[in-house]
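Asks: Input work_26.pdb, format and content: PDB, C-alpha atoms.
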ATOM      1  CA  MET A1407       0.000   0.000   0.000
ATOM      2  CA  ALA A1408       2.731   2.432   1.015
ATOM      3  CA  SER A1409       4.601   1.468  -2.117
ATOM      4  CA  SER A1410       1.780   2.381  -4.491
ATOM      5  CA  LYS A1411       1.256   5.632  -2.632
ATOM      6  CA  ALA A1412       4.902   6.498  -3.187
ATOM      7  CA  SER A1413       4.677   5.699  -6.906
ATOM      8  CA  ARG A1414       1.618   7.886  -7.245
ATOM      9  CA  LEU A1415       3.330  10.748  -5.444
ATOM     10  CA  GLY A1416       6.299  10.412  -7.769
ATOM     11  CA  GLU A1417       4.116  10.342 -10.855
ATOM     12  CA  GLU A1418       1.943  13.256  -9.855
ATOM     13  CA  THR A1419       4.606  15.709  -8.790
ATOM     14  CA  ARG A1420       5.052  18.252 -11.552
ATOM     15  CA  MET A1421       8.601  19.238 -12.319
ATOM     16  CA  ASP A1422      10.171  21.518 -14.884
ATOM     17  CA  LYS A1423      12.041  19.530 -17.477
ATOM     18  CA  VAL A1424      15.563  19.981 -18.691
ATOM     19  CA  ASN A1425      17.201  18.598 -21.794
ATOM     20  CA  ALA A1426      18.803  15.208 -21.075
ATOM     21  CA  GLU A1427      21.862  15.842 -23.238
ATOM     22  CA  LEU A1428      22.550  19.024 -21.331
ATOM     23  CA  VAL A1429      22.603  17.028 -18.088
ATOM     24  CA  VAL A1430      24.824  14.313 -19.555
ATOM     25  CA  LEU A1431      27.288  16.808 -20.970
ATOM     26  CA  THR A1432      27.357  19.018 -17.876
ATOM     27  CA  TYR A1433      27.953  16.093 -15.567
ATOM     28  CA  GLY A1434      30.469  14.549 -17.934
ATOM     29  CA  THR A1435      32.399  17.807 -18.066
ATOM     30  CA  ILE A1436      32.588  17.896 -14.285
ATOM     31  CA  VAL A1437      33.919  14.350 -14.072
ATOM     32  CA  ALA A1438      36.381  14.922 -16.900
ATOM     33  CA  GLN A1439      37.646  18.123 -15.296
ATOM     34  CA  LEU A1440      38.076  16.397 -11.942
ATOM     35  CA  CYS A1441      40.041  13.591 -13.604
ATOM     36  CA  LYS A1442      42.265  16.234 -15.163
ATOM     37  CA  ASP A1443      42.633  18.269 -11.959
ATOM     38  CA  PHE A1444      43.569  15.254  -9.880
ATOM     39  CA  ASP A1445      45.788  13.705 -12.516
ATOM     40  CA  SER A1446      43.560  10.653 -12.959
ATOM     41  CA  ASP A1447      43.703   9.869  -9.252
ATOM     42  CA  TYR A1448      40.287   8.187  -9.450
ATOM     43  CA  VAL A1449      40.011   7.522  -5.739
ATOM     44  CA  GLU A1450      40.263  11.252  -5.176
ATOM     45  CA  VAL A1451      37.797  11.941  -8.014
ATOM     46  CA  ASN A1452      35.262   9.623  -6.365
ATOM     47  CA  LYS A1453      35.759  11.503  -3.122
ATOM     48  CA  GLN A1454      35.284  14.898  -4.760
ATOM     49  CA  LEU A1455      32.147  13.771  -6.586
ATOM     50  CA  ASP A1456      30.737  12.495  -3.321
ATOM     51  CA  LYS A1457      31.515  15.805  -1.635
ATOM     52  CA  MET A1458      29.861  17.799  -4.421
ATOM     53  CA  GLY A1459      26.840  15.544  -4.229
ATOM     54  CA  TYR A1460      26.684  16.012  -0.476
ATOM     55  CA  ASN A1461      26.480  19.773  -0.873
ATOM     56  CA  ILE A1462      23.769  19.375  -3.495
ATOM     57  CA  GLY A1463      21.836  16.975  -1.290
ATOM     58  CA  LEU A1464      21.776  19.397   1.622
ATOM     59  CA  ARG A1465      19.794  21.800  -0.548
ATOM     60  CA  LEU A1466      17.936  19.403  -2.782
ATOM     61  CA  ILE A1467      16.106  17.872   0.161
ATOM     62  CA  GLU A1468      14.297  21.175   0.765
ATOM     63  CA  ASP A1469      13.152  21.251  -2.848
ATOM     64  CA  TYR A1470      12.054  17.640  -2.482
ATOM     65  CA  LEU A1471      10.039  18.441   0.630
ATOM     66  CA  ALA A1472       8.471  21.489  -0.985
ATOM     67  CA  LYS A1473       7.603  19.796  -4.272
ATOM     68  CA  SER A1474       6.568  16.344  -3.146
ATOM     69  CA  ASN A1475       4.218  17.724  -0.543
ATOM     70  CA  THR A1476       4.997  14.972   1.929
ATOM     71  CA  VAL A1477       3.214  15.742   5.122
ATOM     72  CA  ARG A1478       4.923  13.427   7.560
ATOM     73  CA  ARG A1479       8.140  11.654   8.240
ATOM     74  CA  CYS A1480       8.728   8.106   7.017
ATOM     75  CA  SER A1481       7.991   5.757   9.874
ATOM     76  CA  ASN A1482      10.798   3.327   9.032
ATOM     77  CA  PHE A1483      13.813   2.927   6.763
ATOM     78  CA  ARG A1484      11.914   0.727   4.309
ATOM     79  CA  GLU A1485       9.456   3.518   3.717
ATOM     80  CA  THR A1486      12.380   5.898   3.289
ATOM     81  CA  ALA A1487      13.810   3.621   0.593
ATOM     82  CA  GLU A1488      10.473   3.635  -1.243
ATOM     83  CA  MET A1489      10.316   7.407  -1.139
ATOM     84  CA  ILE A1490      13.909   7.771  -2.371
ATOM     85  CA  ALA A1491      13.394   5.434  -5.319
ATOM     86  CA  LYS A1492       9.836   6.247  -6.310
ATOM     87  CA  VAL A1493       9.563   9.916  -5.443
ATOM     88  CA  GLY A1494      13.086  11.366  -5.186
ATOM     89  CA  PHE A1495      14.689   9.733  -8.215
ATOM     90  CA  LYS A1496      11.428   9.973 -10.126
ATOM     91  CA  ILE A1497      10.971  13.705  -9.774
ATOM     92  CA  PHE A1498      14.601  14.731 -10.167
ATOM     93  CA  LEU A1499      15.933  12.242 -12.726
ATOM     94  CA  ASN A1500      12.722  10.651 -14.022
ATOM     95  CA  ILE A1501      13.981   7.160 -13.225
ATOM     96  CA  THR A1502      12.837   4.637 -10.637
ATOM     97  CA  PRO A1503      15.662   2.422  -9.436
ATOM     98  CA  THR A1504      14.689  -0.980  -8.071
ATOM     99  CA  ILE A1505      14.997  -1.577  -4.343
ATOM    100  CA  THR A1506      16.465  -4.989  -3.519
ATOM    101  CA  ASN A1507      18.811  -6.957  -1.288
ATOM    102  CA  TRP A1508      17.508  -5.826   2.076
ATOM    103  CA  THR A1509      19.434  -7.102   5.032
ATOM    104  CA  SER A1510      17.259  -8.802   7.617
ATOM    105  CA  ASP A1511      17.638  -5.936  10.110
ATOM    106  CA  GLY A1512      16.128  -3.549   7.533
ATOM    107  CA  LYS A1513      19.084  -1.182   7.685
ATOM    108  CA  GLN A1514      20.782  -1.853   4.348
ATOM    109  CA  PHE A1515      19.421  -2.024   0.851
ATOM    110  CA  SER A1516      20.525  -1.723  -2.749
ATOM    111  CA  LEU A1517      19.254   0.507  -5.492
ATOM    112  CA  VAL A1518      19.630  -1.086  -8.913
ATOM    113  CA  PHE A1519      19.627   1.413 -11.755
ATOM    114  CA  ASP A1520      18.178   0.011 -14.980
ATOM    115  CA  GLU A1521      18.902   3.310 -16.615
ATOM    116  CA  ASN A1522      21.229   6.077 -15.581
ATOM    117  CA  PRO A1523      20.740   9.428 -17.313
ATOM    118  CA  PHE A1524      24.244  10.561 -16.278
ATOM    119  CA  ALA A1525      25.933   7.696 -18.074
ATOM    120  CA  ASP A1526      24.449   7.940 -21.580
ATOM    121  CA  PHE A1527      27.200   7.992 -24.241
ATOM    122  CA  VAL A1528      29.870   7.455 -21.577
ATOM    123  CA  GLU A1529      32.907   5.262 -21.969
ATOM    124  CA  LEU A1530      35.436   5.147 -19.157
ATOM    125  CA  PRO A1531      39.039   6.087 -20.037
ATOM    126  CA  ASP A1532      41.021   3.164 -21.358
ATOM    127  CA  ASP A1533      43.998   3.530 -19.061
ATOM    128  CA  GLY A1534      43.620   0.238 -17.274
ATOM    129  CA  ARG A1535      42.708   1.901 -13.975
ATOM    130  CA  ALA A1536      39.479   3.810 -14.512
ATOM    131  CA  GLN A1537      37.600   0.538 -15.041
ATOM    132  CA  ASP A1538      38.585  -0.572 -11.559
ATOM    133  CA  GLU A1539      38.741   2.678  -9.643
ATOM    134  CA  LEU A1540      36.343   5.319 -10.977
ATOM    135  CA  TRP A1541      32.715   5.292  -9.885
ATOM    136  CA  TYR A1542      31.386   7.543 -12.595
ATOM    137  CA  SER A1543      28.045   8.402 -10.960
ATOM    138  CA  ASN A1544      29.467   8.756  -7.463
ATOM    139  CA  ILE A1545      27.823  12.161  -7.088
ATOM    140  CA  LEU A1546      24.540  10.333  -6.444
ATOM    141  CA  CYS A1547      25.951   8.730  -3.282
ATOM    142  CA  GLY A1548      26.788  12.165  -1.949
ATOM    143  CA  VAL A1549      23.373  13.552  -2.830
ATOM    144  CA  LEU A1550      21.642  10.794  -0.867
ATOM    145  CA  ARG A1551      23.993  11.187   2.069
ATOM    146  CA  GLY A1552      23.449  14.960   2.217
ATOM    147  CA  ALA A1553      19.707  14.831   1.694
ATOM    148  CA  LEU A1554      19.106  12.137   4.300
ATOM    149  CA  GLU A1555      21.320  13.880   6.826
ATOM    150  CA  MET A1556      19.005  16.897   6.666
ATOM    151  CA  VAL A1557      16.052  14.704   7.587
ATOM    152  CA  GLN A1558      18.017  13.220  10.464
ATOM    153  CA  MET A1559      19.343  10.010   9.016
ATOM    154  CA  GLN A1560      23.047   9.351   8.878
ATOM    155  CA  VAL A1561      23.691   6.957   6.011
ATOM    156  CA  GLU A1562      26.599   5.546   4.104
ATOM    157  CA  ALA A1563      26.218   5.066   0.355
ATOM    158  CA  HIS A1564      28.547   3.627  -2.254
ATOM    159  CA  PHE A1565      28.399   1.931  -5.633
ATOM    160  CA  ILE A1566      29.232  -1.752  -5.765
ATOM    161  CA  SER A1567      28.823  -2.281  -9.503
ATOM    162  CA  ASP A1568      28.437  -0.192 -12.626
ATOM    163  CA  VAL A1569      27.577  -1.190 -16.194
ATOM    164  CA  LEU A1570      30.238   1.278 -17.341
ATOM    165  CA  ARG A1571      32.812  -1.024 -15.736
ATOM    166  CA  GLY A1572      31.402  -4.007 -17.558
ATOM    167  CA  ASN A1573      29.235  -5.256 -14.664
ATOM    168  CA  ASP A1574      25.767  -6.579 -15.417
ATOM    169  CA  THR A1575      24.001  -3.973 -13.326
ATOM    170  CA  THR A1576      24.545  -0.593 -11.732
ATOM    171  CA  GLU A1577      24.003  -1.043  -8.040
ATOM    172  CA  MET A1578      24.311   1.329  -5.095
ATOM    173  CA  ARG A1579      24.403   0.101  -1.521
ATOM    174  CA  ILE A1580      22.875   2.288   1.180
ATOM    175  CA  SER A1581      23.263   1.626   4.905
ATOM    176  CA  LEU A1582      21.543   3.423   7.724
ATOM    177  CA  ILE A1583      24.075   4.242  10.399
ATOM    178  CA  ARG A1584      21.796   5.988  12.856
ATOM    179  CA  TYR A1585      18.932   8.398  13.282
ATOM    180  CA  ILE A1586      20.221  11.798  14.335
ATOM    181  CA  ASP A1587      18.569  13.237  17.434
ATOM    182  CA  ASP A1588      16.969  16.665  17.517
ATOM    183  CA  GLU A1589      19.382  19.325  18.583
ATOM    184  CA  LEU A1590      18.480  20.886  21.892
ATOM    185  CA  PRO A1591      18.552  24.608  22.553
ATOM    186  CA  PRO A1592      21.577  25.676  24.610
ATOM    187  CA  GLU A1593      21.051  25.777  28.382
ATOM    188  CA  ASP A1594      20.405  29.225  29.785
ATOM    189  CA  ASP A1595      22.793  30.309  32.483
TER     190      ASP A1595
ATOM    191  CA  MET B 503      -6.225  39.886  10.706
ATOM    192  CA  VAL B 504      -3.018  41.362  12.041
ATOM    193  CA  VAL B 505       0.392  39.753  11.835
ATOM    194  CA  TYR B 506       2.679  40.879  14.642
ATOM    195  CA  SER B 507       5.912  39.082  13.948
ATOM    196  CA  PHE B 508       7.579  36.158  12.263
ATOM    197  CA  TYR B 509      10.564  33.983  13.180
ATOM    198  CA  ILE B 510      12.568  31.212  11.505
ATOM    199  CA  PHE B 511      14.641  28.757  13.552
ATOM    200  CA  ASP B 512      17.071  26.334  11.936
ATOM    201  CA  ARG B 513      17.805  22.747  12.934
ATOM    202  CA  HIS B 514      20.549  23.965  15.244
ATOM    203  CA  THR B 515      17.841  25.806  17.221
ATOM    204  CA  GLU B 516      19.243  29.167  16.220
ATOM    205  CA  CYS B 517      16.948  32.030  15.239
ATOM    206  CA  ILE B 518      18.096  32.825  11.717
ATOM    207  CA  TYR B 519      15.421  35.307  10.782
ATOM    208  CA  SER B 520      12.975  37.518  12.586
ATOM    209  CA  LYS B 521      10.746  40.299  11.452
ATOM    210  CA  SER B 522       8.220  42.461  13.187
ATOM    211  CA  TRP B 523       5.385  44.358  11.543
ATOM    212  CA  LEU B 524       4.809  46.561  14.549
ATOM    213  CA  PRO B 525       6.439  49.733  15.764
ATOM    214  CA  PRO B 526       8.613  48.649  18.723
ATOM    215  CA  ALA B 527       6.837  50.883  21.239
ATOM    216  CA  HIS B 528       3.481  49.188  20.784
ATOM    217  CA  ASP B 529       4.088  45.482  20.970
ATOM    218  CA  PRO B 530       1.244  43.468  22.437
ATOM    219  CA  THR B 531       3.352  40.337  22.445
ATOM    220  CA  GLY B 532       5.429  42.029  25.118
ATOM    221  CA  ALA B 533       2.602  41.464  27.549
ATOM    222  CA  PRO B 534       3.753  38.116  28.948
ATOM    223  CA  ASN B 535       7.193  39.549  29.659
ATOM    224  CA  SER B 536       6.201  42.973  30.868
ATOM    225  CA  VAL B 537       6.170  41.961  34.542
ATOM    226  CA  THR B 538       9.795  42.976  34.554
ATOM    227  CA  ALA B 539      10.209  46.687  34.055
ATOM    228  CA  ALA B 540      12.884  46.442  31.382
ATOM    229  CA  ARG B 541      11.687  45.170  28.018
ATOM    230  CA  PRO B 542      13.789  42.162  26.977
ATOM    231  CA  SER B 543      15.621  42.539  23.704
ATOM    232  CA  SER B 544      14.294  40.840  20.578
ATOM    233  CA  SER B 545      16.973  38.145  20.717
ATOM    234  CA  ASP B 546      15.662  37.227  24.168
ATOM    235  CA  ASP B 547      12.192  37.070  22.655
ATOM    236  CA  ALA B 548      13.395  34.661  20.011
ATOM    237  CA  LYS B 549      15.044  32.445  22.627
ATOM    238  CA  LEU B 550      11.920  32.412  24.772
ATOM    239  CA  ILE B 551       9.741  31.619  21.789
ATOM    240  CA  PHE B 552      11.980  28.805  20.682
ATOM    241  CA  GLY B 553      12.091  27.318  24.168
ATOM    242  CA  THR B 554       8.311  27.425  24.317
ATOM    243  CA  VAL B 555       7.558  25.906  20.914
ATOM    244  CA  PHE B 556      10.250  23.285  21.350
ATOM    245  CA  SER B 557       8.866  22.107  24.676
ATOM    246  CA  LEU B 558       5.290  22.211  23.425
ATOM    247  CA  ARG B 559       6.178  20.241  20.317
ATOM    248  CA  ASN B 560       7.921  17.560  22.358
ATOM    249  CA  MET B 561       5.056  17.346  24.811
ATOM    250  CA  VAL B 562       2.512  17.084  21.984
ATOM    251  CA  ARG B 563       4.498  14.277  20.401
ATOM    252  CA  LYS B 564       4.740  12.444  23.673
ATOM    253  CA  LEU B 565       0.987  12.573  24.177
ATOM    254  CA  GLY B 566      -0.270  12.294  20.609
ATOM    255  CA  GLY B 567       2.361  10.107  18.939
ATOM    256  CA  ASP B 568       5.270  10.992  16.663
ATOM    257  CA  ASP B 569       3.058  12.130  13.804
ATOM    258  CA  ASP B 570       1.198  14.631  15.914
ATOM    259  CA  ALA B 571       2.104  18.255  15.433
ATOM    260  CA  PHE B 572       1.402  21.285  17.501
ATOM    261  CA  VAL B 573      -0.195  23.936  15.340
ATOM    262  CA  SER B 574      -0.904  26.978  17.456
ATOM    263  CA  TYR B 575      -1.616  28.291  20.926
ATOM    264  CA  ARG B 576      -3.529  31.358  21.991
ATOM    265  CA  THR B 577      -3.241  33.727  24.879
ATOM    266  CA  ALA B 578      -5.457  36.664  25.776
ATOM    267  CA  GLN B 579      -3.147  38.897  23.732
ATOM    268  CA  TYR B 580      -1.906  36.956  20.748
ATOM    269  CA  LYS B 581      -1.921  33.683  18.858
ATOM    270  CA  LEU B 582       1.267  31.804  18.005
ATOM    271  CA  HIS B 583       1.340  29.617  14.891
ATOM    272  CA  PHE B 584       3.943  26.919  14.394
ATOM    273  CA  TYR B 585       5.051  24.951  11.345
ATOM    274  CA  GLU B 586       7.924  22.490  11.218
ATOM    275  CA  THR B 587       9.426  20.840   8.139
ATOM    276  CA  ALA B 588      10.968  17.362   7.993
ATOM    277  CA  SER B 589      14.347  19.063   7.775
ATOM    278  CA  ASN B 590      13.649  20.601  11.192
ATOM    279  CA  LEU B 591      13.203  24.140  10.006
ATOM    280  CA  ARG B 592      10.696  25.817  12.305
ATOM    281  CA  LEU B 593       8.537  28.737  11.254
ATOM    282  CA  VAL B 594       6.723  30.727  13.914
ATOM    283  CA  MET B 595       4.230  33.538  13.424
ATOM    284  CA  LEU B 596       2.518  35.717  15.985
ATOM    285  CA  THR B 597      -0.850  37.180  15.052
ATOM    286  CA  ASP B 598      -3.895  38.645  16.750
ATOM    287  CA  THR B 599      -6.197  36.207  18.532
ATOM    288  CA  ALA B 600      -8.992  36.213  15.940
ATOM    289  CA  THR B 601      -6.806  34.839  13.141
ATOM    290  CA  LEU B 602      -7.667  31.372  11.848
ATOM    291  CA  SER B 603      -5.075  28.680  11.203
ATOM    292  CA  MET B 604      -1.957  30.027   9.507
ATOM    293  CA  ARG B 605      -0.497  26.603   8.876
ATOM    294  CA  ASN B 606      -1.119  26.914   5.191
ATOM    295  CA  VAL B 607       0.392  30.385   5.097
ATOM    296  CA  LEU B 608       3.551  29.158   6.847
ATOM    297  CA  HIS B 609       3.730  26.220   4.454
ATOM    298  CA  GLN B 610       3.482  28.636   1.513
ATOM    299  CA  ILE B 611       6.250  30.803   2.976
ATOM    300  CA  TYR B 612       8.401  27.693   3.201
ATOM    301  CA  ILE B 613       7.862  26.417  -0.326
ATOM    302  CA  ASN B 614       7.493  29.687  -2.224
ATOM    303  CA  LEU B 615       9.895  31.965  -0.395
ATOM    304  CA  TRP B 616      12.331  29.952   1.716
ATOM    305  CA  VAL B 617      13.073  27.170  -0.749
ATOM    306  CA  GLU B 618      12.962  29.414  -3.826
ATOM    307  CA  TYR B 619      14.939  32.407  -2.617
ATOM    308  CA  VAL B 620      17.153  31.159   0.200
ATOM    309  CA  VAL B 621      17.857  27.467  -0.421
ATOM    310  CA  LYS B 622      18.108  27.735  -4.189
ATOM    311  CA  ASN B 623      20.379  30.746  -4.117
ATOM    312  CA  PRO B 624      23.580  28.918  -5.049
ATOM    313  CA  LEU B 625      25.805  31.523  -3.452
ATOM    314  CA  SER B 626      24.068  31.590  -0.098
ATOM    315  CA  PRO B 627      25.563  29.276   2.522
ATOM    316  CA  VAL B 628      23.834  26.012   3.399
ATOM    317  CA  GLU B 629      24.017  26.691   7.116
ATOM    318  CA  HIS B 630      22.697  30.102   8.007
ATOM    319  CA  LYS B 631      24.847  30.784  11.021
ATOM    320  CA  GLY B 632      23.857  34.133  12.492
ATOM    321  CA  GLY B 633      21.220  34.450   9.779
ATOM    322  CA  ALA B 634      23.781  34.581   6.969
ATOM    323  CA  GLY B 635      22.217  34.430   3.523
ATOM    324  CA  VAL B 636      18.625  34.678   4.710
ATOM    325  CA  ARG B 637      18.129  38.403   4.491
ATOM    326  CA  ASN B 638      18.396  38.686   0.755
ATOM    327  CA  GLU B 639      16.302  41.157  -1.156
ATOM    328  CA  LEU B 640      14.023  38.698  -2.913
ATOM    329  CA  PHE B 641      13.147  36.883   0.294
ATOM    330  CA  GLU B 642      12.587  40.041   2.337
ATOM    331  CA  LEU B 643      10.503  41.670  -0.360
ATOM    332  CA  GLY B 644       8.504  38.531  -1.087
ATOM    333  CA  LEU B 645       7.766  37.954   2.577
ATOM    334  CA  ASP B 646       6.731  41.529   3.243
ATOM    335  CA  GLN B 647       4.439  41.576   0.222
ATOM    336  CA  PHE B 648       2.921  38.216   1.088
ATOM    337  CA  ILE B 649       2.185  39.214   4.692
ATOM    338  CA  ARG B 650       0.849  42.649   3.791
ATOM    339  CA  GLY B 651      -1.374  40.961   1.221
ATOM    340  CA  LEU B 652      -2.944  38.934   4.002
ATOM    341  CA  MET B 653      -3.637  41.862   6.306
TER     342      MET B 653
END
Just give me the structure as structure tokens.

Replies:
Amino acid sequence: MASSKASRLGEETRMDKVNAELVVLTYGTIVAQLCKDFDSDYVEVNKQLDKMGYNIGLRLIEDYLAKSNTVRRCSNFRETAEMIAKVGFKIFLNITPTITNWTSDGKQFSLVFDENPFADFVELPDDGRAQDELWYSNILCGVLRGALEMVQMQVEAHFISDVLRGNDTTEMRISLIRYIDDELPPEDD
Amino acid sequence: MVVYSFYIFDRHTECIYSKSWLPPAHDPTGAPNSVTAARPSSSDDAKLIFGTVFSLRNMVRKLGGDDDAFVSYRTAQYKLHFYETASNLRLVMLTDTATLSMRNVLHQIYINLWVEYVVKNPLSPVEHKGGAGVRNELFELGLDQFIRGLM
């Protein structure tokens, strides 16, 4: 029931559209520039992409809350996963990744991307390292981390496979570390 | 309907924006504090207001469950309206006692003014320490127009 509600919310939310090629090229330029700036140190590029995503996520969550018109908090992490896949990804990237591979404690799941608008036309550099080290869409991990932190969930997100590397699927693993408590006002002296 | 003042508190419990639509001399919201001869400064007001809404919100949640939200309270002098987002931004508005629910108005301020003019301004900081980045022209103007349109 909750799942169909999330899909409906994702479908019904009206968003302005932007040309897909513009997104692909803009994102590609960023990754290419980072590879150049860090001398093809792909570990560092992954880190920078994550950081950029984090800063985007901190803001994007407010747009998500305003646009999706969600009235209440998700009651558990499973519901959060539904909302991320069916509302968040739907309204911002017009894709709905599949949620799978839950751990039994309900704190870790995978998002499998059947399509990835960032990765159209992309081929990783043929230097023998990029295929093993670069996570091309790593910005998405940062976005999720930043956005969820603002709604009081500390998570860890990373890619574990990518079709660009020759894997069968593109899969991101997301783990809930903890719920962040409300901050209390400082004591008066 | 008369709007007396408006406050925004961030998730770090800091007051990052406040605005009053009243000349300082005639401030009916001062009534609860006026037992002391000296009028507390507006930053004290903000602290008192935050302490109050924070406690009320926690009490309401304890009694009514986590999804319950406190919406407003009324005294003989004024009515306080409260709206909280999932990102723990709290909007507070003080109006006269006859005003109906302002929940919708606060929600509109959040989505049409806060998100559009403050959050989406790429050059404004993400954390508004000391109110940094909130008092930009578009937000101030939009808010003032919106509130005056209601009155």

Asks: Compile the residues of chain B that lie within 9 Å of chain A, evaluated using all atoms listed in the file, and express the compilation as a ChimeraX atom specification.

Replies: /B:513-516,549,552-553,556,568-569,587-590,609,612-614,617-618,621-622,628

Asks: Find the residues near Val1429 of chain A: any atom within 12 Å, counting only C-alpha atoms, skip ones fewer than 6 places away on the same chain, and give them as a list in words.

Replies: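 These residues fall inside the cut-off: Lys1423, Thr1435, Ile1436, Phe1498, Leu1499, Asn1522, Pro1523, Phe1524, Ala1525, Asp1526 and Phe1527 of chain A.
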
Asks: Let me make sure I understand: among B:Met604, B:Ile649, B:Met503, B:Cys517, which one has the smallest atom-to-atom distance to Lys631 of chain B if we use all atoms listed in the file?

Replies: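 Counting all atoms listed in the file, the residue closest to Lys631 of chain B is B:Cys517.
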
Asks: Find the distance between atom CA of Leu608 of chain B and atom CA of Gly644 of chain B and write it in Å to one decimal.

Replies: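 Between atom CA of Leu608 of chain B and atom CA of Gly644 of chain B the gap works out to 13.2 Å.
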
Asks: What's the separation between atom CA of Lys521 of chain B and atom CA of Tyr619 of chain B, in Å to one decimal place?

Replies: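 Separation between atom CA of Lys521 of chain B and atom CA of Tyr619 of chain B: 16.7 Å.
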
Asks: Apply the PyMOL selection byres ((chain B and resi 640) around 12) to the structure shown and report the selected residues as a short mmCIF file (atom, residue, chain, number, x, y, z; two decimals) with C-alpha atoms, in the coordinates of the input.

Replies:
data_model
loop_
_atom_site.label_atom_id
_atom_site.label_comp_id
_atom_site.auth_asym_id
_atom_site.auth_seq_id
_atom_site.Cartn_x
_atom_site.Cartn_y
_atom_site.Cartn_z
CA ASN B 614 7.49 29.69 -2.22
CA LEU B 615 9.90 31.96 -0.40
CA TRP B 616 12.33 29.95 1.72
CA VAL B 617 13.07 27.17 -0.75
CA GLU B 618 12.96 29.41 -3.83
CA TYR B 619 14.94 32.41 -2.62
CA VAL B 620 17.15 31.16 0.20
CA LYS B 622 18.11 27.74 -4.19
CA ASN B 623 20.38 30.75 -4.12
CA GLY B 635 22.22 34.43 3.52
CA VAL B 636 18.62 34.68 4.71
CA ARG B 637 18.13 38.40 4.49
CA ASN B 638 18.40 38.69 0.76
CA GLU B 639 16.30 41.16 -1.16
CA PHE B 641 13.15 36.88 0.29
CA GLU B 642 12.59 40.04 2.34
CA LEU B 643 10.50 41.67 -0.36
CA GLY B 644 8.50 38.53 -1.09
CA LEU B 645 7.77 37.95 2.58
CA ASP B 646 6.73 41.53 3.24
CA GLN B 647 4.44 41.58 0.22
CA PHE B 648 2.92 38.22 1.09
#

Asks: Run through the PyMOL selection byres ((chain A and resi 1502-1514) around 9) on the given coordinates and return the selected residues as an NGL selection string.

Replies: :A and (1482-1484 or 1487-1488 or 1490-1496 or 1499-1501 or 1515-1521 or 1579-1583)

Asks: Using only C-alpha atoms, which protein or nucleic acid residues come within 10 Å of Glu586 of chain B? Drop anything in the same chain fewer than 5 positions from it, and give the result as a VMD selection string.

Replies: chain B and resid 510 to 512 559 571 to 573 591 to 594 605 608 to 609 612

Asks: In Å to one decimal, how far is atom CA of Leu1546 of chain A from atom CA of Asp1568 of chain A?

Replies: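 Between atom CA of Asp1568 of chain A and atom CA of Leu1546 of chain A the gap works out to 12.8 Å.
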
Asks: Select, from B:Ile611, B:Met595, B:Leu625, B:Leu565, the residue with the minimum atom-to-atom distance to Ile551 of chain B, counting only C-alpha atoms.

Replies: B:Met595

Asks: Hey, can I get the axis-aligned box for segment 516-522 of chain B? All listed atoms, 5 Å padding on each side, centre and edge lengths in Å to one decimal, as AutoDock Vina command-line options.

Replies:
--center_x 13.7 --center_y 35.8 --center_z 13.5 --size_x 21.0 --size_y 23.3 --size_z 15.4

Asks: Give as number ranges by chain the set of residues within 7 Å of the point (28.8, 14.2, -5.5), where distances use the file's coordinates and all atoms listed in the file.

Replies: A: 1454-1460, 1544-1549

Asks: What are the closest atom pairs, with distances in Å to one decimal, for all residues of segment 1517-1566 of chain A lying within 10 Å of segment 1440-1446 of chain A? Consider all atoms listed in the file, order rows by chain and residue number, and present the result as JSON lines.

Replies:
{"residue": "A:Pro1531", "atom": "CA", "partner": "A:Ser1446", "partner_atom": "CA", "distance": 9.6}
{"residue": "A:Asp1533", "atom": "CA", "partner": "A:Ser1446", "partner_atom": "CA", "distance": 9.4}
{"residue": "A:Arg1535", "atom": "CA", "partner": "A:Ser1446", "partner_atom": "CA", "distance": 8.9}
{"residue": "A:Ala1536", "atom": "CA", "partner": "A:Ser1446", "partner_atom": "CA", "distance": 8.1}
{"residue": "A:Glu1539", "atom": "CA", "partner": "A:Ser1446", "partner_atom": "CA", "distance": 9.9}
{"residue": "A:Leu1540", "atom": "CA", "partner": "A:Ser1446", "partner_atom": "CA", "distance": 9.2}
